[in-house]
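Student: The structure under discussion is supplied below as structure tokens; questions concerning it will follow.
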There are 2 protein chains.
Amino acid sequence: MLFRSISADGTGMQETADMLVRWIEELGGTARKVATPLHPAVVGQIDAGKPHTMLFYGMYDVQPVVGETWMVDPFGGEIVDLPGFGPSIVNRGVMNQKGPLASLFNVLHSMRDATGTLPVNVKFLIEGEEELGSRNLPGVVEAFREELKSDACFFPFLAQNQEGRVITYLGVKGILFMEIVARGGDWGAPTERAVHGSNAVWFHNAAWRLLHALSSMLTPDQKHILVDGFYDDIVPPSAEDEALLAKLIDTVDPLDELMKHEVKRFKYDLDGVDLLRKYLYQPTLNIDGIISGHTAEGTKTIIPHEARAKVDVRMVPNMVPERVVELIRAHLDRHGFSDIEIDVLDAYKWSKTSVNSAPARAIMDTYRQLGHEPEIWPHLAGSAPFYLFTDVLDIPVVLGGLGHGGRVHSPNEYAPVAGLKDHEKSIAVFMYRLADELAADDAGKQ
Amino acid sequence: MLFRSISADGTGMQETADMLVRWIEELGGTARKVATPLHPAVVGQIDAGKPHTMLFYGMYDVQPVVGETWMVDPFGGEIVDLPGFGPSIVNRGVMNQKGPLASLFNVLHSMRDATGTLPVNVKFLIEGEEELGSRNLPGVVEAFREELKSDACFFPFLAQNQEGRVITYLGVKGILFMEIVARGGDWGAPTERAVHGSNAVWFHNAAWRLLHALSSMLTPDQKHILVDGFYDDIVPPSAEDEALLAKLIDTVDPLDELMKHEVKRFKYDLDGVDLLRKYLYQPTLNIDGIISGHTAEGTKTIIPHEARAKVDVRMVPNMVPERVVELIRAHLDRHGFSDIEIDVLDAYKWSKTSVNSAPARAIMDTYRQLGHEPEIWPHLAGSAPFYLFTDVLDIPVVLGGLGHGGRVHSPNEYAPVAGLKDHEKSIAVFMYRLADELAADDAGKQ
């Protein structure tokens, strides 16, 4: 697994995908590379003749190492004795996500060698564009919807934090990423290029236009989104979620997040579970970036003819990305900004898996069986396209496994060797527990 | 005059300044280079033993030609037969400002050769940083305030437009150029670096902060500045100005400005003199540029820890830059944005010279004597640091002269040869007329 599979520049992508196909075939399965406009995905399966099937979702690409200084060759697979962690692999991707990927194959080999079979059939969907935003994953899932049919989806992940606490997320928020653009036109402002600033007295300015349009959408205290209907589809946390929240606050201190991010205060004068509830159950309207006009050093007086902002919305249940775009469009139109353009660059909905689903029960049982009480988050404040599993394929999805790693996307990404061994053990236990829990569900339905 | 005196990279600056000192000395005057932190200014005088003194303000630096494609060597001083204009010098700086600069020296030589003297004493202030915003000119004027004492200031300029119409400006607006910055701090937002966008639900965002702060200062229709007291110091156009405006609208069509700048409509549903009055007598609050966070291609969700805008204010009589900064500061504080920083990069006041002052009467008489009825603007919508003359040295200032040139700061900058000859003639006439008008003023005072 020492290929440099760097999706950003394409290094080693085909070779790594070929290797994964070979690995699946060596386990007695079938697999193939699926071409996308960018880097291939690997789709495959191992039919163990079992009543249930686990879909393994993974990724084989990593971030580049350009401009980074490492203590060892970032693609040398070296083991370094790290203070506090002991012998650890220091390598690009060992945490995100090649350690867990290799672990799964180790586990499958061991199971087959030891028992001649697997507890569940396994299907594989391994993409090569995760670090580029999984842009072709939806197309692959749609195209292979039948072939990927399974009972549950699993994404192996080193789920222990630095203190050894196991952290589990049962879902993600959805995301809508837009470019919002003001351009000179019939409403006014220069249409072709910036013009001399002395005309500002009688010409409109595209930067002012964008600022007024955006400002109209959020209160100055940044707490409340002013787009009509924005909050309408939101459902309050379920009883199941409230129970998880009440337990979560025992181990989570929001103040740690302030300190970690070097932020002096929260938006809300709340604490404890009330603050956590805001964090997880409120949507956001966030400016990721904005640019217009003269931004270099020094003075230059111009009226910009164009201004662009990158804006993202994080969506909670049951918000729908298409609906949010409609509401923002309607807001802009109603406030006289019908000239403002909205370009959607990315949009997918939230995803949730019940803590009572078979794979969720299986992973929690696995942790407990191996001596760990997991910290369970009803969902992440961040986003991932897990709706592809929960909504498109209509199966529950869990991510997890023992083990620790860190410095993802940074120099000296690491994972302690002992944790990787625990990770393999936990995957094996999980697969057996999953088979049992799926069988129990079948029994319950009959 | 074929030195490449490019202030941006320093090419030929010392040599050109040395040459100007020599030129003044060759005319029997005294002169010296005055060092500044950047490029020297030339200060000098020719004492003709006359009762009055004209201060000649000029510039010897030009814009670079990097990346430009010219029809001839941009520093070759070549004459090209241009359609519609006839034989014309095509050279960097011929219009802005080396043509007029050389013309003045030609005129002074001719006058001395023909009459043995000059109609007025002449003082010289020739800077080498005009294209860099005249940043050291205030210091030079302050330091040489006594030595530069004169009765009037003159800036020779090719004042005829493409159609041959003579255009005169009797003043300029003032300018205040600020960088307005929002940074994470005690109020919230990340303080050290951008953090992951999923935290937007409970962390403040510096880009939103800046947008709300700026938006609070201007109505969404961009017509009215909402900073308390902003308009308080403004005086309505004087009777003299109203008379000039009423005449100006005979030859000026604001719609030409829309077309020239590819703008579809004005801010105001006005026309004629009412529109022109807005243009010249209203201040502006203009965003020249804004930048924050992720502005490259693609998606990246972050909360910016900093956002910066470049904002300029054009000031009309009797606004005072320091007062405007105070008002904006007070506005931000009152609206809860006391954390927002204002960095002043440039600030100088407006400048006006009365149409009834001696140099204004002299230049108008010159035009009429040479067969041209000038189009007189009470002032420019743009800015220049002419307050150094009208306020610091306390003398009226006029700019002008016959002749035409174009493509300033662009490839193939040109000035027709016939116009340059007219320019020299007009400078000579102006100097005699100025001597007469200054004498008339003296007589009137006695």
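For the structure tokens, the naming scheme is as follows: chains receive sequential letters (A, B, ...) according to their order of presentation, residues are indexed from 1 within each chain, and ligands are indexed from 1 in presentation order.
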With a cut-off of 6 Å, could you pull out the residues of chain A touching chain B and give me the nearest pair of atoms for each, distance in Å to one decimal, using only C-alpha atoms, ordered by chain and ascending number, as a Markdown table?
Tutor:
| residue | atom | partner | partner_atom | distance |
| --- | --- | --- | --- | --- |
| A:Asp186 | CA | B:Lys264 | CA | 5.4 |
| A:Gly188 | CA | B:Arg265 | CA | 5.1 |
| A:Ala189 | CA | B:Val263 | CA | 5.9 |
| A:Pro190 | CA | B:Val263 | CA | 4.7 |
| A:Thr191 | CA | B:Glu262 | CA | 5.9 |
| A:Ser198 | CA | B:Gly382 | CA | 4.9 |
| A:Val201 | CA | B:Thr284 | CA | 5.3 |
| A:Trp202 | CA | B:Lys267 | CA | 5.3 |
| A:Phe203 | CA | B:Phe266 | CA | 5.4 |
| A:Leu211 | CA | B:Leu211 | CA | 5.7 |
| A:His212 | CA | B:Ser215 | CA | 5.7 |
| A:Ser215 | CA | B:His212 | CA | 5.8 |
| A:Pro220 | CA | B:His212 | CA | 5.8 |
| A:Glu262 | CA | B:Pro190 | CA | 5.9 |
| A:Val263 | CA | B:Pro190 | CA | 4.6 |
| A:Lys264 | CA | B:Asp186 | CA | 5.5 |
| A:Arg265 | CA | B:Gly188 | CA | 5.2 |
| A:Phe266 | CA | B:Phe203 | CA | 5.4 |
| A:Lys267 | CA | B:Trp202 | CA | 5.3 |
| A:Tyr279 | CA | B:Val201 | CA | 5.7 |
| A:Thr284 | CA | B:Val201 | CA | 5.3 |
| A:Asp288 | CA | B:Ile302 | CA | 5.1 |
| A:Gly289 | CA | B:Gly293 | CA | 4.1 |
| A:Ile290 | CA | B:Ser292 | CA | 5.3 |
| A:Ile291 | CA | B:Ile291 | CA | 4.5 |
| A:Ser292 | CA | B:Gly289 | CA | 5.1 |
| A:Gly293 | CA | B:Gly289 | CA | 4.1 |
| A:His294 | CA | B:Gly289 | CA | 4.4 |
| A:Thr295 | CA | B:Gly289 | CA | 5.4 |
| A:Thr301 | CA | B:Asp288 | CA | 5.5 |
| A:Ile302 | CA | B:Asp288 | CA | 5.1 |
| A:Ile303 | CA | B:Asp288 | CA | 5.8 |
| A:Ala381 | CA | B:Ser198 | CA | 5.5 |
| A:Gly382 | CA | B:Ser198 | CA | 4.9 |
Student: Please provide as an MDAnalysis selection string all residues within 12 Å of Met13 of chain A, with the sequence filter that same-chain residues fewer than 2 positions apart are discarded (counting only C-alpha atoms).
Tutor: chainID A and resid 2:11 15:20 33 35 38:42 59:62 127:129
Student: Of the residues A:Asp253, A:Leu226, A:Leu393, A:Asp274, which is the one nearest to Leu327 of chain A, using only C-alpha atoms?
Tutor: A:Leu226
Student: Output as a PyMOL selection string all residues of segment 12-250 of chain B that backbone DSSP marks as strand (DSSP E).
Tutor: chain B and resi 30-34+41-46+53-59+78-82+86-90+121-127+152-156+167-169+171-172+174-183+195-196
Student: Now that the selection is made, can you save its residues with C-alpha atoms as a short mmCIF file (atom, residue, chain, number, x, y, z; two decimals), in the first residue's frame?
Tutor:
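Result went into result-v7.cif, see below:
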data_model
loop_
_atom_site.label_atom_id
_atom_site.label_comp_id
_atom_site.auth_asym_id
_atom_site.auth_seq_id
_atom_site.Cartn_x
_atom_site.Cartn_y
_atom_site.Cartn_z
CA THR B 30 18.75 78.01 -9.83
CA ALA B 31 17.52 74.55 -9.05
CA ARG B 32 18.27 71.45 -7.05
CA LYS B 33 17.12 67.91 -6.59
CA VAL B 34 15.26 67.40 -3.34
CA ALA B 41 11.60 66.32 -6.69
CA VAL B 42 13.13 69.29 -8.52
CA VAL B 43 12.71 72.70 -6.88
CA GLY B 44 13.99 75.79 -8.59
CA GLN B 45 13.35 79.35 -9.74
CA ILE B 46 14.14 81.91 -12.40
CA THR B 53 5.74 84.94 -9.64
CA MET B 54 4.15 81.90 -11.22
CA LEU B 55 4.72 78.49 -9.58
CA PHE B 56 4.99 75.82 -12.22
CA TYR B 57 3.91 72.45 -10.87
CA GLY B 58 4.87 69.47 -13.01
CA MET B 59 5.81 65.82 -12.97
CA GLU B 78 8.67 58.84 -33.05
CA ILE B 79 6.20 60.81 -35.13
CA VAL B 80 3.38 58.75 -36.67
CA ASP B 81 0.68 60.00 -39.02
CA LEU B 82 -2.45 59.07 -37.04
CA GLY B 86 -2.19 63.98 -38.47
CA PRO B 87 1.50 63.77 -37.51
CA SER B 88 1.58 62.88 -33.81
CA ILE B 89 4.25 61.95 -31.30
CA VAL B 90 3.55 58.41 -30.08
CA ASN B 121 9.28 85.17 -12.32
CA VAL B 122 8.94 81.38 -12.47
CA LYS B 123 9.30 78.89 -9.66
CA PHE B 124 9.43 75.15 -10.30
CA LEU B 125 8.12 72.19 -8.36
CA ILE B 126 8.49 69.05 -10.48
CA GLU B 127 7.82 65.74 -8.78
CA ALA B 152 -0.43 81.61 -8.71
CA CYS B 153 0.21 77.98 -9.58
CA PHE B 154 0.01 76.56 -13.08
CA PHE B 155 -0.04 72.95 -14.25
CA PRO B 156 0.29 72.79 -18.07
CA ILE B 167 -12.10 71.61 -21.06
CA THR B 168 -11.11 73.35 -17.84
CA TYR B 169 -11.46 72.18 -14.27
CA GLY B 171 -10.91 72.28 -8.65
CA VAL B 172 -10.97 68.73 -7.42
CA GLY B 174 -10.91 65.57 -1.72
CA ILE B 175 -10.29 61.92 -1.06
CA LEU B 176 -10.19 59.65 1.94
CA PHE B 177 -8.95 56.14 1.23
CA MET B 178 -9.40 53.62 4.02
CA GLU B 179 -8.93 49.97 4.65
CA ILE B 180 -11.79 48.77 6.84
CA VAL B 181 -11.00 45.51 8.58
CA ALA B 182 -12.97 42.98 10.63
CA ARG B 183 -10.89 40.57 12.67
CA VAL B 195 -11.70 27.38 11.00
CA HIS B 196 -13.95 24.66 9.58
#
Student: When you draw a straight line from atom CA of Ala418 of chain B to atom CA of Trp23 of chain B, how long is it in Å?
Tutor: 23.9 Å
Student: Could you state the separation of atom CA of Ala439 of chain A and atom CA of His52 of chain A in Å, given to one decimal place?
Tutor: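 These two atoms are separated by 8.1 Å.
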